[in-house]
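Novice: Quick one: this structure, given as structure tokens, is what I'll be asking you about.
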Amino acid sequence: MGVVNVTPDSFSDGGLFADRAAAVAHAHRLIAEGAAIIDVGGESTRPDAQPVSPAVELERVMPVLEDLRSAGVPISVDTSKPEVMRTALAHGADMINDVYAFRAPAALDVIASSDAAICIMHMQGEPRTMQRAPHYENVVAEVGAFLSERAAAAERAGVTQDRIVIDPGFGFGKTLEHNLTLLRELQHIAGLGWPVLAGLSRKSMLGRITGRDAGERVHASVAAALLAVLHGARIVRAHDVQATRDALAVLQAVEASAESSLGNGRSNG
Ligand code: HH2
């Protein structure tokens with residue numbers, strides 16, 4: 001999943017793709033590099049980001065969605081606002097990615113009346129305050145219980161299981177230690193019954209580990225994406241699509257060769 005932030009203030013690429021033409025050109029570049037889904041967002045969720053109104057978010061996202069509908073890959077819209085979800089779905093969005101896990105009143109009803117896919121993400125607290133004092137007794141169990149509960153709520157509202165993806169929300173109300181534990185034990189989240197999406201790309205946890213700024217975290221992001229897939233993630237949300245695809249191609253080649261050598265072993269008796 002390639003990230004296109006149509007915002008002035010996103011932590012990793014704020015302002016770079018804030019106008020329609022730049023955002024659309026960037027999305028086409030990511031598709032050419034191998035993105036299988038494009039995630040378009042009109043509001044930053046970084047800790048000190050200012051909230052924006054539904055009207056502003058729609059102004060940023062809708063023209064880009066319009067231009068990308070014929071791009072040949074599913075388009076996801078990263079939003080927590082039911083008004084934005086409704087308009088995006090009416091204009092052909094294939095997926096809604098909600099860092100609030102569809103907890104806004106009416107969000108699940110809006111989704112249920114469409115046939116779009118959804119990504120349910122875990123966050124402790126809300127963006128402006130989430131990094132002040134994140135606390136868990138058992139981060140993996142608590143994140144897993146939250147995601148299962150929200151996915152079950154979506155299913156009760158009428159969203160079929162095959163439309164649901166879950167995401168532990170790396171960096172959203174989590175310390176470095178919490179993030180590392182979740183990455184190490186991602187299999188547990190992957191075993192809950194829904195495909196897992198992991199968003200580690202350029203995140204500050206990687207800055208804490210490497211000492212590098214957001215724009216210089218490509219190698220760390222690729223390593224994190226590879227670990228996430230090895231631990232059960234099915235979709236990785238990435239800013240640096242080509243580098244991520246290349247790393248995953250190596251992993252896939254190794255796994256395919258393991259399968260074929262097993263096959264040879266069998267045929268050799
Ligand atoms: N991370 C960000 C935004 N949306 N959605 C999901 N499902 N998972 C994530 O980990 C995730 C997300 C933050 O990254 P970015 O979009 O680059 O920054 P910003 O929120 O500042 O626009």
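The way I read the labels, and the way they are meant: chains A, B, ... in the order of the structure tokens, residue 1 as the first residue of every chain, and ligand 1 as the first ligand shown, with later ones counted on from there.
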Skipping near chain neighbours, those fewer than 6 positions away, what residues fall within 12 Å of segment 10-16 of chain A using only C-alpha atoms, listed as a tab-separated table (two decimals) with C-alpha atoms, in the first residue's frame?
Specialist:
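Saved to selection30.tsv:
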```tsv
chain	number	residue	atom	x	y	z
A	3	VAL	CA	1.03	6.38	0.88
A	4	VAL	CA	-0.14	9.64	-0.70
A	22	ALA	CA	1.63	16.57	-7.36
A	23	ALA	CA	-0.40	14.03	-5.37
A	24	VAL	CA	-1.71	12.30	-8.51
A	25	ALA	CA	1.74	12.20	-10.14
A	26	HIS	CA	3.17	10.73	-6.94
A	41	GLY	CA	-5.07	10.94	3.24
A	42	GLY	CA	-6.16	14.54	3.79
A	43	GLU	CA	-5.44	14.92	7.50
A	44	SER	CA	-2.20	14.27	9.34
A	45	THR	CA	-2.43	12.06	12.42
A	46	ARG	CA	0.97	12.98	13.82
A	47	PRO	CA	1.00	13.88	17.52
A	48	ASP	CA	0.99	17.69	17.14
A	49	ALA	CA	-1.15	17.88	13.98
A	50	GLN	CA	-4.08	20.30	13.89
A	51	PRO	CA	-7.45	18.66	13.20
A	60	ARG	CA	-7.91	17.80	-0.42
A	200	LEU	CA	5.93	1.18	10.06
A	201	SER	CA	7.23	3.27	7.20
A	202	ARG	CA	9.49	6.17	8.27
A	203	LYS	CA	7.94	6.17	11.76
A	204	SER	CA	9.63	7.80	14.73
A	207	GLY	CA	14.23	7.28	14.13
A	213	ASP	CA	15.25	11.94	10.37
A	214	ALA	CA	12.02	10.86	8.64
A	215	GLY	CA	13.39	11.31	5.10
A	216	GLU	CA	16.40	9.12	5.88
A	217	ARG	CA	14.57	6.10	7.23
A	218	VAL	CA	14.18	4.14	3.98
A	221	SER	CA	11.52	1.07	6.95
A	238	ALA	CA	4.90	2.23	2.69
A	239	HIS	CA	6.19	5.58	1.44
A	240	ASP	CA	9.16	3.97	-0.36
```
Novice: Using 12 Å as the limit and counting only C-alpha atoms, can you tabulate each residue of segment 126-240 of chain A that touches segment 73-92 of chain A, with its shortest atom-to-atom distance in Å and the two atoms involved, as JSON lines?
Specialist:
```
{"residue": "A:Glu126", "atom": "CA", "partner": "A:Ser80", "partner_atom": "CA", "distance": 11.5}
{"residue": "A:Pro127", "atom": "CA", "partner": "A:Ser80", "partner_atom": "CA", "distance": 11.8}
{"residue": "A:Arg237", "atom": "CA", "partner": "A:Ser76", "partner_atom": "CA", "distance": 11.2}
```
Novice: Please, which residues of segment 155-244 of chain A, numbered as in this document, come out strand (DSSP E or B) from DSSP, as number ranges by chain?
Specialist: A: 164-167, 196-198, 235-236, 238
Novice: Please provide as number ranges by chain all residues within 9 Å of Val64 of chain A, with the sequence filter that same-chain residues fewer than 3 positions apart are discarded (counting only C-alpha atoms).
Specialist: A: 6, 19-21, 23-24, 40, 60-61, 67-69
Novice: Which of these residues is nearest to ligand 1, using only C-alpha atoms and all ligand atoms: A:Gln124, A:Asn97, A:Gln131, A:Thr175?
Specialist: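 For ligand 1, the nearest of the candidates is A:Asn97.
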Novice: Run DSSP on the backbone and grab whatever in segment 46-167 of chain A lands in alpha helix (DSSP H); send it over as a PyMOL selection string.
Specialist: chain A and resi 54-68+82-90+107-112+139-157
Novice: So how far away is atom CA of Gly125 of chain A from atom CA of Arg150 of chain A, in Å?
Specialist: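 Distance reported for this atom pair: 15.5 Å.
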Novice: May I ask which of the residues A:Ala112, A:Leu230, A:Ala224, A:Ala256 is the closest one to Gln161 of chain A, counting only C-alpha atoms?
Specialist: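 Of A:Ala112, A:Leu230, A:Ala224, A:Ala256, the one nearest Gln161 of chain A is A:Ala112, counting only C-alpha atoms.
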Novice: Could you jot down the atom 20 (O, counted along the ligand's line) of ligand 1 to atom CA of Leu248 of chain A separation for me, Å, one decimal place?
Specialist: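 Spanning atom 20 (O, counted along the ligand's line) of ligand 1 to atom CA of Leu248 of chain A is a straight-line distance of 24.0 Å.
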Novice: What's around Met95 of chain A at 6 Å? Count only C-alpha atoms, leave out sequence neighbours fewer than 6 positions away in its own chain, and write the answer as a list of chain:residue names.
Specialist: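 In the requested form, the answer reads A:Ser76, A:Ala116, A:Ala117, A:Ile118.
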Novice: Give me, please, the distance in Å between atom 4 (N, counted along the ligand's line) of ligand 1 and atom CA of Val159 of chain A, quoted to one decimal.
Specialist: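 For atom 4 (N, counted along the ligand's line) of ligand 1 relative to atom CA of Val159 of chain A, the distance reads 21.1 Å.
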Novice: Hey, which of A:Glu57, A:Glu255, A:Asp167, A:Asp115 ends up closest to ligand 1? Count only C-alpha atoms and all ligand atoms.
Specialist: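 So, comparing all the options, the nearest one is A:Asp167.
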